[in-house]
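> First, the structure itself, so that you have it in front of you.
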Amino acid sequence: MPNDAYIALIPLLPLAAFVVLGLFGRKSLLRLSGIIGTGAVLISTGLSLWTAYRYFAACLSDGACRLITPLKVTWLTFSPGLSIDLSVILDPISVMMIVVVSFVSLMVHVFSLGYMKGETRFGTYYAFLGLFTFSMLGLVLSGNIFEIYIFWELVGCSSFLLIGYYFDRPSAVAAAKKAFIVTRFADLGFLVGILILSFHAETLDFHTLIQRLTGPSPQLASITRASFLGISLLSWGLVLVFIGGAGKSALFPLHIWLPDAMEGPTPVSALIHAATMVVAGVYLVARLYPVYMFADPAVLRVVLYVGAFSALFAAIVACVQTDIKRVLAYSTMSQIGYMMFALGTFQAAGEENTLGYTASMFHLFTHAFFKALLFLCAGVIIHRVHSNEMKDMGGLRKLLPLTHGCFLIACLAIAGIPPFSGFFSKEEILLAAFHANKFVFAVGLFTSGLTAFYMFRLYFSVFWRRQSQDVGSHHGEAPLTMKIPLVILAAGAIFAGFVPFSRWVTYDGAPGKGQGIGGFAIAPVMLALLGMLLAGFFYQKESARPAKAAAALGGLYKFAYHKFYIDEVYSFITKKIIFNFIGRPAAWIDRNIVDGFMNLLAGVTARISARIKGFQSGRVQDYALYFFAGVAALAVLFIYIYT
Amino acid sequence: MNQVPLSHILFVSTALFFIGMYGLFTRRNMITMLMSVELILNSVNINFIAFNKYLYPEKLEGVFFSLFIIAIAAAEAAVAIAIIINLYRNLRSIDVEDANEMKF
């Protein structure tokens, strides 16, 4: 594809919107800012779709998808062989991601026109959304590992800004800080991983790096020979990169920031903390997937178990949360766990074993639609009810008919009921797990039942449970700008599963056959239906059943309700251990030794000047006296010398 | 006729100089300080005249210098008194201690 430099416009247009709105969005362009931001993203989305169309058409005519580098600019040259470039690459996953990111971003931009109307910092909000969209598009198009790190930090920064958007709420500020610190902590692992991999591979470019670390080369020999604690540096590098990804993707045990991040405006949660940024970790592992496949299988086993555990853990916690956005946050974490363990299912080369890669990317694709839809529906509900708590809702299906329908579609999709999109991707993941590891398959199966249960618990609690009651005044369901994205995303949640994904997105670019799901799907669908029925039994009408069940489960319920006390463990470690044994001694040294030395210097100076300041009396006659004394002394001196 | 020895005259001028210096350092009244300055200038005048007369009687530079100094002293007194009057008008005082607005 010649003349592809226009692809750089896809991320640059939102950046332009950010710059314009950041400079003028507070005053002069405040009213226009929504239009400007949405317009820029609309063009980006158009370009993304056009790019995807051309790219996959080329795939079909060539028989396989190739990696294309439409744009490459050398930025910093260190030595003839080593430079940091800014490049744009197109391969199946990056093309898929630009479509997802720009599309969901567009939906959120449009939705926010209604949702954020009347905010005083409306322009700033759109500026931050533009910055995020730019960073995320840049991240997925990055052609080298250093460039991806830059954008990685930029998405972290814009996520921080948007979580803390309501900066007058202390909880939002705390959540923003928490998200930033936890992901920064994980990014440290990512950075060290980058340094290890790129130092040994002697390149930063993804394509070259993958080539060198997966085939016989002196670089591969050097990185496998070097070892630390008995594990080769290749494995270390990959595990560290995975830790970075796990922090961004909120996998256990670095997930603690994601539920708190729900303090941000709801459309932001839909965009950043559900559909796009949190899957960056999955994308990163997928980007380096050939290296992961080639390295020690233990590394992918780490990915597998961390992913599976996160999926199960988050699903259990989601079953007992009462804040609608937190339930969705834990469900996001659970679905990302699915994507991650799908990547971990690879064991040996072969069509069946690389299914996990395709399945993971497929789930990422479908999840973006139905999860964004769920969050936007939650936005409409919260907009109407003015509360995040499920107990304040109930019987909303008459009041919000469109939202009810969309929410139901999204719930069916995430629960994996055919023919909604989540069904196809989840079945592929379970199939991949079935071939790889029976234990993880069982975990995945159980989690899919739980998913259906907690999603329908949410659905019934919000839309049924009580008689329809009027909350607030009669001003219709929602403005048109909020309804349109819901309908479009609902269409995506229904039909995204029919995209022939496995023909296009495979780890080596060659078209896959596409696995027949057939009879395999019976067990998961049955489990999902069971979960739905159970949720209906407990929550469709107001009853004492949930309380009884909670009492019967006793300790387990309490444990899950408090999110297994992970936050408490963290604050114990930081406040009690790190603060006392590292923070306090460091503070003591700082106060008494570093500051003490400076205080000593200052004290001596002050004392001396206190003594001699009497000379500066301000009396002319005193000065004249000193002058005369000086002259007299000189006179005496000269007399002494010359006689 | 016995001439007064040079050293006697120098004693007088030195005494005059230090009296003036003392007055300048200790008095706070500006008029007194101005008078002290005049004493110092006159002690210098005496020195010029004395050295001229005793060492180079055939020349006149010393006399001219003292004439210049007298003229300048007159001008200086005029300027100084003008300053003092202005100060008095502003502060109702001619004590140097009171003229402290430019201090610090």
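So you can find residues: chains in the structure tokens are A, B, ... in the order shown, residues in each start at 1, and ligands are numbered from 1 in order.
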For A:Pro401, please output as a PyMOL selection string all residues within 10 Å (counting only C-alpha atoms; exclusion window: fewer than 6 positions along the same chain).
chain A and resi 407+463+477
> Could those residues be written to a file, using all heavy atoms, as a compact mmCIF listing (two decimals), in the first residue's frame?

```txt
# COMPACT_ATOMS: atom_id res chain seq x y z
N PHE A 407 -28.91 -2.67 27.67
CA PHE A 407 -28.23 -3.32 28.79
C PHE A 407 -28.44 -4.83 28.71
O PHE A 407 -27.51 -5.61 28.94
CB PHE A 407 -28.79 -2.76 30.10
CG PHE A 407 -27.89 -2.93 31.28
CD1 PHE A 407 -26.91 -1.99 31.56
CD2 PHE A 407 -28.01 -4.02 32.12
CE1 PHE A 407 -26.08 -2.15 32.65
CE2 PHE A 407 -27.18 -4.18 33.21
CZ PHE A 407 -26.22 -3.24 33.47
N PHE A 463 -33.22 -3.16 36.87
CA PHE A 463 -34.38 -2.95 36.01
C PHE A 463 -35.65 -3.64 36.52
O PHE A 463 -36.73 -3.34 36.04
CB PHE A 463 -34.07 -3.43 34.60
CG PHE A 463 -33.07 -2.56 33.90
CD1 PHE A 463 -31.77 -2.98 33.73
CD2 PHE A 463 -33.44 -1.31 33.44
CE1 PHE A 463 -30.85 -2.17 33.10
CE2 PHE A 463 -32.53 -0.50 32.80
CZ PHE A 463 -31.23 -0.93 32.64
N GLU A 477 -35.99 9.98 28.59
CA GLU A 477 -34.99 9.02 28.99
C GLU A 477 -33.59 9.63 29.00
O GLU A 477 -32.90 9.61 30.00
CB GLU A 477 -35.02 7.83 28.02
CG GLU A 477 -34.05 6.73 28.41
CD GLU A 477 -34.29 5.49 27.60
OE1 GLU A 477 -35.29 5.45 26.87
OE2 GLU A 477 -33.47 4.58 27.70
```
> At a cut-off of 10 Å, which residues of chain B touch chain A? Count only C-alpha atoms and give the answer as a PyMOL selection string.
chain B and resi 21-22+24-28+33+96-97+99-100+102-104
> If we count only C-alpha atoms and set the cut-off at 9 Å, which residues sit around stretch 484-492 of chain A, ignoring sequence neighbours fewer than 5 positions away in its own chain? Please answer as a PyMOL selection string.
chain A and resi 104+106-108+110-111+366+369-370+372-374+376-377+402-403+405-407+409-410+421+497
> Write a file of the just-selected residues containing N, CA and C atoms, as a PDB file, in the first residue's frame.

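Wrote it out as part.pdb, contents follow:
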```pdb
ATOM      1  N   VAL A 104     -14.714   3.270  19.647  1.00  0.00           N
ATOM      2  CA  VAL A 104     -15.250   3.432  21.009  1.00  0.00           C
ATOM      3  C   VAL A 104     -15.054   4.867  21.474  1.00  0.00           C
ATOM      4  N   LEU A 106     -15.035   7.488  19.637  1.00  0.00           N
ATOM      5  CA  LEU A 106     -16.057   8.316  18.986  1.00  0.00           C
ATOM      6  C   LEU A 106     -17.392   8.198  19.712  1.00  0.00           C
ATOM      7  N   MET A 107     -17.755   6.949  20.053  1.00  0.00           N
ATOM      8  CA  MET A 107     -19.023   6.747  20.755  1.00  0.00           C
ATOM      9  C   MET A 107     -19.020   7.513  22.077  1.00  0.00           C
ATOM     10  N   VAL A 108     -17.894   7.447  22.789  1.00  0.00           N
ATOM     11  CA  VAL A 108     -17.822   8.114  24.088  1.00  0.00           C
ATOM     12  C   VAL A 108     -17.838   9.621  23.917  1.00  0.00           C
ATOM     13  N   VAL A 110     -19.398  11.244  21.554  1.00  0.00           N
ATOM     14  CA  VAL A 110     -20.779  11.634  21.254  1.00  0.00           C
ATOM     15  C   VAL A 110     -21.621  11.554  22.518  1.00  0.00           C
ATOM     16  N   PHE A 111     -21.460  10.452  23.262  1.00  0.00           N
ATOM     17  CA  PHE A 111     -22.236  10.259  24.488  1.00  0.00           C
ATOM     18  C   PHE A 111     -21.989  11.403  25.467  1.00  0.00           C
ATOM     19  N   THR A 366     -14.566  -7.993  20.819  1.00  0.00           N
ATOM     20  CA  THR A 366     -15.993  -8.016  21.166  1.00  0.00           C
ATOM     21  C   THR A 366     -16.225  -7.360  22.529  1.00  0.00           C
ATOM     22  N   PHE A 369     -16.908  -3.647  22.627  1.00  0.00           N
ATOM     23  CA  PHE A 369     -18.253  -3.181  22.299  1.00  0.00           C
ATOM     24  C   PHE A 369     -19.187  -3.352  23.485  1.00  0.00           C
ATOM     25  N   PHE A 370     -19.274  -4.598  23.995  1.00  0.00           N
ATOM     26  CA  PHE A 370     -20.322  -4.783  24.999  1.00  0.00           C
ATOM     27  C   PHE A 370     -19.961  -4.144  26.320  1.00  0.00           C
ATOM     28  N   ALA A 372     -18.154  -1.294  26.702  1.00  0.00           N
ATOM     29  CA  ALA A 372     -18.420   0.139  26.549  1.00  0.00           C
ATOM     30  C   ALA A 372     -19.920   0.390  26.626  1.00  0.00           C
ATOM     31  N   LEU A 373     -20.685  -0.503  26.020  1.00  0.00           N
ATOM     32  CA  LEU A 373     -22.144  -0.361  26.058  1.00  0.00           C
ATOM     33  C   LEU A 373     -22.658  -0.438  27.492  1.00  0.00           C
ATOM     34  N   LEU A 374     -22.137  -1.413  28.250  1.00  0.00           N
ATOM     35  CA  LEU A 374     -22.576  -1.545  29.643  1.00  0.00           C
ATOM     36  C   LEU A 374     -22.286  -0.271  30.424  1.00  0.00           C
ATOM     37  N   LEU A 376     -21.844   2.781  29.267  1.00  0.00           N
ATOM     38  CA  LEU A 376     -22.641   3.917  28.840  1.00  0.00           C
ATOM     39  C   LEU A 376     -24.073   3.786  29.358  1.00  0.00           C
ATOM     40  N   CYS A 377     -24.590   2.533  29.390  1.00  0.00           N
ATOM     41  CA  CYS A 377     -25.913   2.328  29.986  1.00  0.00           C
ATOM     42  C   CYS A 377     -25.880   2.724  31.453  1.00  0.00           C
ATOM     43  N   LEU A 402     -35.113   2.126  26.343  1.00  0.00           N
ATOM     44  CA  LEU A 402     -34.013   1.900  25.403  1.00  0.00           C
ATOM     45  C   LEU A 402     -32.781   1.383  26.142  1.00  0.00           C
ATOM     46  N   THR A 403     -32.470   2.018  27.271  1.00  0.00           N
ATOM     47  CA  THR A 403     -31.323   1.593  28.052  1.00  0.00           C
ATOM     48  C   THR A 403     -31.515   0.156  28.520  1.00  0.00           C
ATOM     49  N   GLY A 405     -33.152  -2.216  27.026  1.00  0.00           N
ATOM     50  CA  GLY A 405     -32.876  -3.134  25.919  1.00  0.00           C
ATOM     51  C   GLY A 405     -31.385  -3.276  25.657  1.00  0.00           C
ATOM     52  N   CYS A 406     -30.685  -2.147  25.623  1.00  0.00           N
ATOM     53  CA  CYS A 406     -29.247  -2.185  25.329  1.00  0.00           C
ATOM     54  C   CYS A 406     -28.496  -2.932  26.420  1.00  0.00           C
ATOM     55  N   PHE A 407     -28.907  -2.673  27.666  1.00  0.00           N
ATOM     56  CA  PHE A 407     -28.231  -3.320  28.788  1.00  0.00           C
ATOM     57  C   PHE A 407     -28.440  -4.830  28.715  1.00  0.00           C
ATOM     58  N   ILE A 409     -28.954  -6.609  26.032  1.00  0.00           N
ATOM     59  CA  ILE A 409     -28.127  -7.138  24.942  1.00  0.00           C
ATOM     60  C   ILE A 409     -26.690  -7.311  25.423  1.00  0.00           C
ATOM     61  N   ALA A 410     -26.173  -6.262  26.092  1.00  0.00           N
ATOM     62  CA  ALA A 410     -24.787  -6.323  26.550  1.00  0.00           C
ATOM     63  C   ALA A 410     -24.612  -7.438  27.569  1.00  0.00           C
ATOM     64  N   SER A 421     -22.200 -11.394  20.566  1.00  0.00           N
ATOM     65  CA  SER A 421     -20.786 -11.436  20.192  1.00  0.00           C
ATOM     66  C   SER A 421     -19.923 -12.154  21.223  1.00  0.00           C
ATOM     67  N   GLY A 497     -19.589 -10.567  16.739  1.00  0.00           N
ATOM     68  CA  GLY A 497     -19.174 -11.960  16.766  1.00  0.00           C
ATOM     69  C   GLY A 497     -19.139 -12.606  15.396  1.00  0.00           C
TER      70      GLY A 497
END
```
> What separation in Å, quoted to one decimal, exists between atom CA of A:Leu86 and atom CA of A:Thr45?
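It comes out at 21.8 Å.
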> To one decimal in Å, tell me the separation between atom CA of B:Ala50 and atom CA of B:Thr14.
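Distance between the two atoms: 12.4 Å.
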> One decimal, Å: what's the distance from atom CA of A:Arg611 over to atom CA of A:Ala635, could you say?
28.6 Å
> Which residues, written as a PDB file with N, CA and C atoms, in the first residue's frame, have at least one atom at most 10 Å from stretch 569-586 of chain A, with only C-alpha atoms counted and residues fewer than 5 positions away on the same chain left out?

```pdb
ATOM      1  N   PRO A 253      -1.894  -9.309  41.196  1.00  0.00           N
ATOM      2  CA  PRO A 253      -2.348  -8.519  42.344  1.00  0.00           C
ATOM      3  C   PRO A 253      -2.220  -7.014  42.124  1.00  0.00           C
ATOM      4  N   ILE A 256      -5.739  -3.333  42.090  1.00  0.00           N
ATOM      5  CA  ILE A 256      -6.445  -2.538  43.099  1.00  0.00           C
ATOM      6  C   ILE A 256      -6.837  -1.149  42.626  1.00  0.00           C
ATOM      7  N   PHE A 564     -11.622  -9.470  49.324  1.00  0.00           N
ATOM      8  CA  PHE A 564     -10.575 -10.352  49.863  1.00  0.00           C
ATOM      9  C   PHE A 564      -9.482  -9.585  50.583  1.00  0.00           C
ATOM     10  N   ARG A 591      16.105  14.603  57.929  1.00  0.00           N
ATOM     11  CA  ARG A 591      15.870  15.715  58.842  1.00  0.00           C
ATOM     12  C   ARG A 591      17.115  16.047  59.644  1.00  0.00           C
ATOM     13  N   ASN A 592      17.801  14.990  60.116  1.00  0.00           N
ATOM     14  CA  ASN A 592      18.876  15.256  61.066  1.00  0.00           C
ATOM     15  C   ASN A 592      20.249  15.373  60.439  1.00  0.00           C
TER      16      ASN A 592
END
```
> Could you go through stretch 68-97 of chain A and tell me which residues DSSP, when run on the backbone, assigns to strand (DSSP E), listing them as an mmCIF file with N, CA, C and O atoms, in the first residue's frame?

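Below is the file that was written, states_18.cif:
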```cif
data_model
loop_
_atom_site.group_PDB
_atom_site.id
_atom_site.type_symbol
_atom_site.label_atom_id
_atom_site.label_comp_id
_atom_site.auth_asym_id
_atom_site.auth_seq_id
_atom_site.Cartn_x
_atom_site.Cartn_y
_atom_site.Cartn_z
ATOM 1 N N ILE A 68 3.373 -4.010 7.719
ATOM 2 C CA ILE A 68 3.685 -2.863 6.876
ATOM 3 C C ILE A 68 4.149 -1.725 7.766
ATOM 4 O O ILE A 68 3.593 -1.500 8.844
ATOM 5 N N THR A 69 5.186 -1.041 7.319
ATOM 6 C CA THR A 69 5.641 0.141 8.043
ATOM 7 C C THR A 69 5.448 1.343 7.149
ATOM 8 O O THR A 69 6.305 1.671 6.346
ATOM 9 N N PRO A 70 4.314 2.007 7.232
ATOM 10 C CA PRO A 70 4.063 3.111 6.301
ATOM 11 C C PRO A 70 4.889 4.353 6.600
ATOM 12 O O PRO A 70 5.082 5.187 5.739
ATOM 13 N N LEU A 71 5.383 4.451 7.821
ATOM 14 C CA LEU A 71 6.024 5.711 8.192
ATOM 15 C C LEU A 71 7.113 5.409 9.197
ATOM 16 O O LEU A 71 6.904 4.644 10.133
ATOM 17 N N LYS A 72 8.281 6.002 8.972
ATOM 18 C CA LYS A 72 9.359 5.756 9.914
ATOM 19 C C LYS A 72 10.247 6.988 9.940
ATOM 20 O O LYS A 72 10.755 7.416 8.914
ATOM 21 N N VAL A 73 10.417 7.564 11.088
ATOM 22 C CA VAL A 73 11.245 8.747 11.233
ATOM 23 C C VAL A 73 12.309 8.433 12.266
ATOM 24 O O VAL A 73 11.990 7.998 13.367
ATOM 25 N N THR A 74 13.572 8.630 11.897
ATOM 26 C CA THR A 74 14.626 8.416 12.888
ATOM 27 C C THR A 74 14.644 9.610 13.817
ATOM 28 O O THR A 74 14.681 10.761 13.377
ATOM 29 N N TRP A 75 14.583 9.315 15.082
ATOM 30 C CA TRP A 75 14.442 10.397 16.040
ATOM 31 C C TRP A 75 15.770 10.648 16.761
ATOM 32 O O TRP A 75 16.364 11.714 16.658
ATOM 33 N N LEU A 76 16.262 9.652 17.497
ATOM 34 C CA LEU A 76 17.522 9.817 18.219
ATOM 35 C C LEU A 76 18.478 8.739 17.743
ATOM 36 O O LEU A 76 18.169 7.563 17.827
ATOM 37 N N THR A 77 19.609 9.147 17.248
ATOM 38 C CA THR A 77 20.589 8.156 16.821
ATOM 39 C C THR A 77 21.686 8.083 17.869
ATOM 40 O O THR A 77 22.303 9.087 18.200
ATOM 41 N N PHE A 78 21.905 6.900 18.392
ATOM 42 C CA PHE A 78 22.958 6.736 19.396
ATOM 43 C C PHE A 78 24.245 6.293 18.740
ATOM 44 O O PHE A 78 25.313 6.811 18.996
ATOM 45 N N SER A 79 24.147 5.293 17.900
ATOM 46 C CA SER A 79 25.301 4.793 17.175
ATOM 47 C C SER A 79 24.740 4.300 15.851
ATOM 48 O O SER A 79 23.528 4.181 15.691
ATOM 49 N N LEU A 82 22.116 1.714 16.294
ATOM 50 C CA LEU A 82 21.074 1.835 17.312
ATOM 51 C C LEU A 82 20.475 3.227 17.287
ATOM 52 O O LEU A 82 21.161 4.220 17.449
ATOM 53 N N SER A 83 19.182 3.273 17.043
ATOM 54 C CA SER A 83 18.527 4.568 17.085
ATOM 55 C C SER A 83 17.114 4.359 17.592
ATOM 56 O O SER A 83 16.578 3.261 17.541
ATOM 57 N N ILE A 84 16.534 5.439 18.100
ATOM 58 C CA ILE A 84 15.127 5.376 18.478
ATOM 59 C C ILE A 84 14.348 6.005 17.343
ATOM 60 O O ILE A 84 14.596 7.152 16.965
ATOM 61 N N ASP A 85 13.443 5.252 16.778
ATOM 62 C CA ASP A 85 12.650 5.760 15.665
ATOM 63 C C ASP A 85 11.252 6.055 16.156
ATOM 64 O O ASP A 85 10.811 5.560 17.179
ATOM 65 N N LEU A 86 10.575 6.870 15.397
ATOM 66 C CA LEU A 86 9.140 6.978 15.581
ATOM 67 C C LEU A 86 8.530 6.360 14.335
ATOM 68 O O LEU A 86 8.711 6.875 13.234
ATOM 69 N N SER A 87 7.888 5.250 14.506
ATOM 70 C CA SER A 87 7.362 4.618 13.313
ATOM 71 C C SER A 87 5.928 4.185 13.550
ATOM 72 O O SER A 87 5.455 4.104 14.673
ATOM 73 N N VAL A 88 5.267 3.933 12.466
ATOM 74 C CA VAL A 88 3.892 3.470 12.499
ATOM 75 C C VAL A 88 3.889 2.116 11.825
ATOM 76 O O VAL A 88 4.442 1.972 10.737
ATOM 77 N N ILE A 89 3.333 1.118 12.482
ATOM 78 C CA ILE A 89 3.276 -0.174 11.810
ATOM 79 C C ILE A 89 1.829 -0.643 11.723
ATOM 80 O O ILE A 89 1.000 -0.325 12.565
ATOM 81 N N LEU A 90 1.594 -1.392 10.684
ATOM 82 C CA LEU A 90 0.277 -1.984 10.509
ATOM 83 C C LEU A 90 0.443 -3.490 10.444
ATOM 84 O O LEU A 90 1.206 -4.007 9.635
#
```
> Need the shell around stretch 78-94 of chain B: protein/DNA/RNA residues with any atom at most 8 Å away, counting only C-alpha atoms. Skip same-chain ones fewer than 2 positions apart. Format as a VMD selection string?
chain B and resid 29 to 31 34 74 to 76 96 98 to 99
> Take the residues from that selection and write them out as a tab-separated table (two decimals), in the first residue's frame, keeping all heavy atoms.

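The resulting file, result.tsv, is reproduced below:
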```
chain	number	residue	atom	x	y	z
B	29	ASN	N	24.71	67.81	66.11
B	29	ASN	CA	24.13	69.02	65.54
B	29	ASN	C	24.85	69.35	64.25
B	29	ASN	O	26.07	69.43	64.18
B	29	ASN	CB	24.30	70.15	66.55
B	29	ASN	CG	23.56	71.39	66.11
B	29	ASN	OD1	23.62	71.76	64.93
B	29	ASN	ND2	22.87	72.03	67.03
B	30	MET	N	24.09	69.57	63.19
B	30	MET	CA	24.72	69.74	61.89
B	30	MET	C	25.51	71.03	61.77
B	30	MET	O	26.53	71.07	61.09
B	30	MET	CB	23.65	69.71	60.80
B	30	MET	CG	23.20	68.30	60.51
B	30	MET	SD	22.39	68.27	58.96
B	30	MET	CE	21.39	66.85	59.21
B	31	ILE	N	25.03	72.05	62.42
B	31	ILE	CA	25.77	73.31	62.37
B	31	ILE	C	27.15	73.12	63.00
B	31	ILE	O	28.18	73.52	62.45
B	31	ILE	CB	25.01	74.42	63.13
B	31	ILE	CG1	23.62	74.63	62.51
B	31	ILE	CG2	25.83	75.70	63.15
B	31	ILE	CD1	23.61	75.44	61.25
B	34	LEU	N	29.34	71.28	60.72
B	34	LEU	CA	29.83	72.14	59.65
B	34	LEU	C	30.99	72.99	60.13
B	34	LEU	O	32.02	73.12	59.45
B	34	LEU	CB	28.69	73.02	59.16
B	34	LEU	CG	29.01	73.95	58.00
B	34	LEU	CD1	29.39	73.13	56.78
B	34	LEU	CD2	27.81	74.83	57.69
B	74	ALA	N	33.82	78.51	51.38
B	74	ALA	CA	32.67	79.41	51.42
B	74	ALA	C	31.50	78.80	50.65
B	74	ALA	O	30.36	78.75	51.14
B	74	ALA	CB	33.07	80.76	50.83
B	75	ALA	N	31.82	78.28	49.43
B	75	ALA	CA	30.77	77.67	48.63
B	75	ALA	C	30.16	76.48	49.36
B	75	ALA	O	28.93	76.29	49.41
B	75	ALA	CB	31.35	77.22	47.29
B	76	GLU	N	31.04	75.69	49.95
B	76	GLU	CA	30.59	74.49	50.64
B	76	GLU	C	29.68	74.85	51.81
B	76	GLU	O	28.65	74.23	52.03
B	76	GLU	CB	31.84	73.73	51.10
B	76	GLU	CG	31.60	72.51	51.94
B	76	GLU	CD	32.15	72.69	53.32
B	76	GLU	OE1	33.28	73.18	53.47
B	76	GLU	OE2	31.43	72.35	54.28
B	96	VAL	N	21.54	65.04	63.17
B	96	VAL	CA	21.79	64.05	62.11
B	96	VAL	C	21.08	62.73	62.38
B	96	VAL	O	20.73	62.01	61.46
B	96	VAL	CB	23.29	63.77	61.89
B	96	VAL	CG1	23.93	64.83	61.06
B	96	VAL	CG2	24.00	63.56	63.20
B	98	ASP	N	18.16	62.28	63.33
B	98	ASP	CA	16.78	62.32	62.86
B	98	ASP	C	16.67	62.17	61.36
B	98	ASP	O	15.62	61.81	60.83
B	98	ASP	CB	16.12	63.65	63.27
B	98	ASP	CG	15.95	63.71	64.78
B	98	ASP	OD1	15.95	62.63	65.40
B	98	ASP	OD2	15.83	64.82	65.32
B	99	ALA	N	17.76	62.45	60.66
B	99	ALA	CA	17.72	62.33	59.20
B	99	ALA	C	18.04	60.88	58.82
B	99	ALA	O	19.08	60.55	58.30
B	99	ALA	CB	18.73	63.28	58.56
```
> Which neighbours of A:Val140 fall inside 8 Å, counting only C-alpha atoms, when residues of the same chain fewer than 5 positions from it are skipped, and could you give them as a ChimeraX atom specification?
/A:94,97-98,148,283
> Find the residues near B:Leu41: any atom within 9 Å, counting only C-alpha atoms, skip ones fewer than 5 places away on the same chain, and give them as a ChimeraX atom specification.
/B:17,20,36,46,69-70,73
> Using backbone DSSP assignments, extract all alpha helix (DSSP H) residues from chain B; output them as a ChimeraX atom specification.
/B:6-26,30-55,61-91
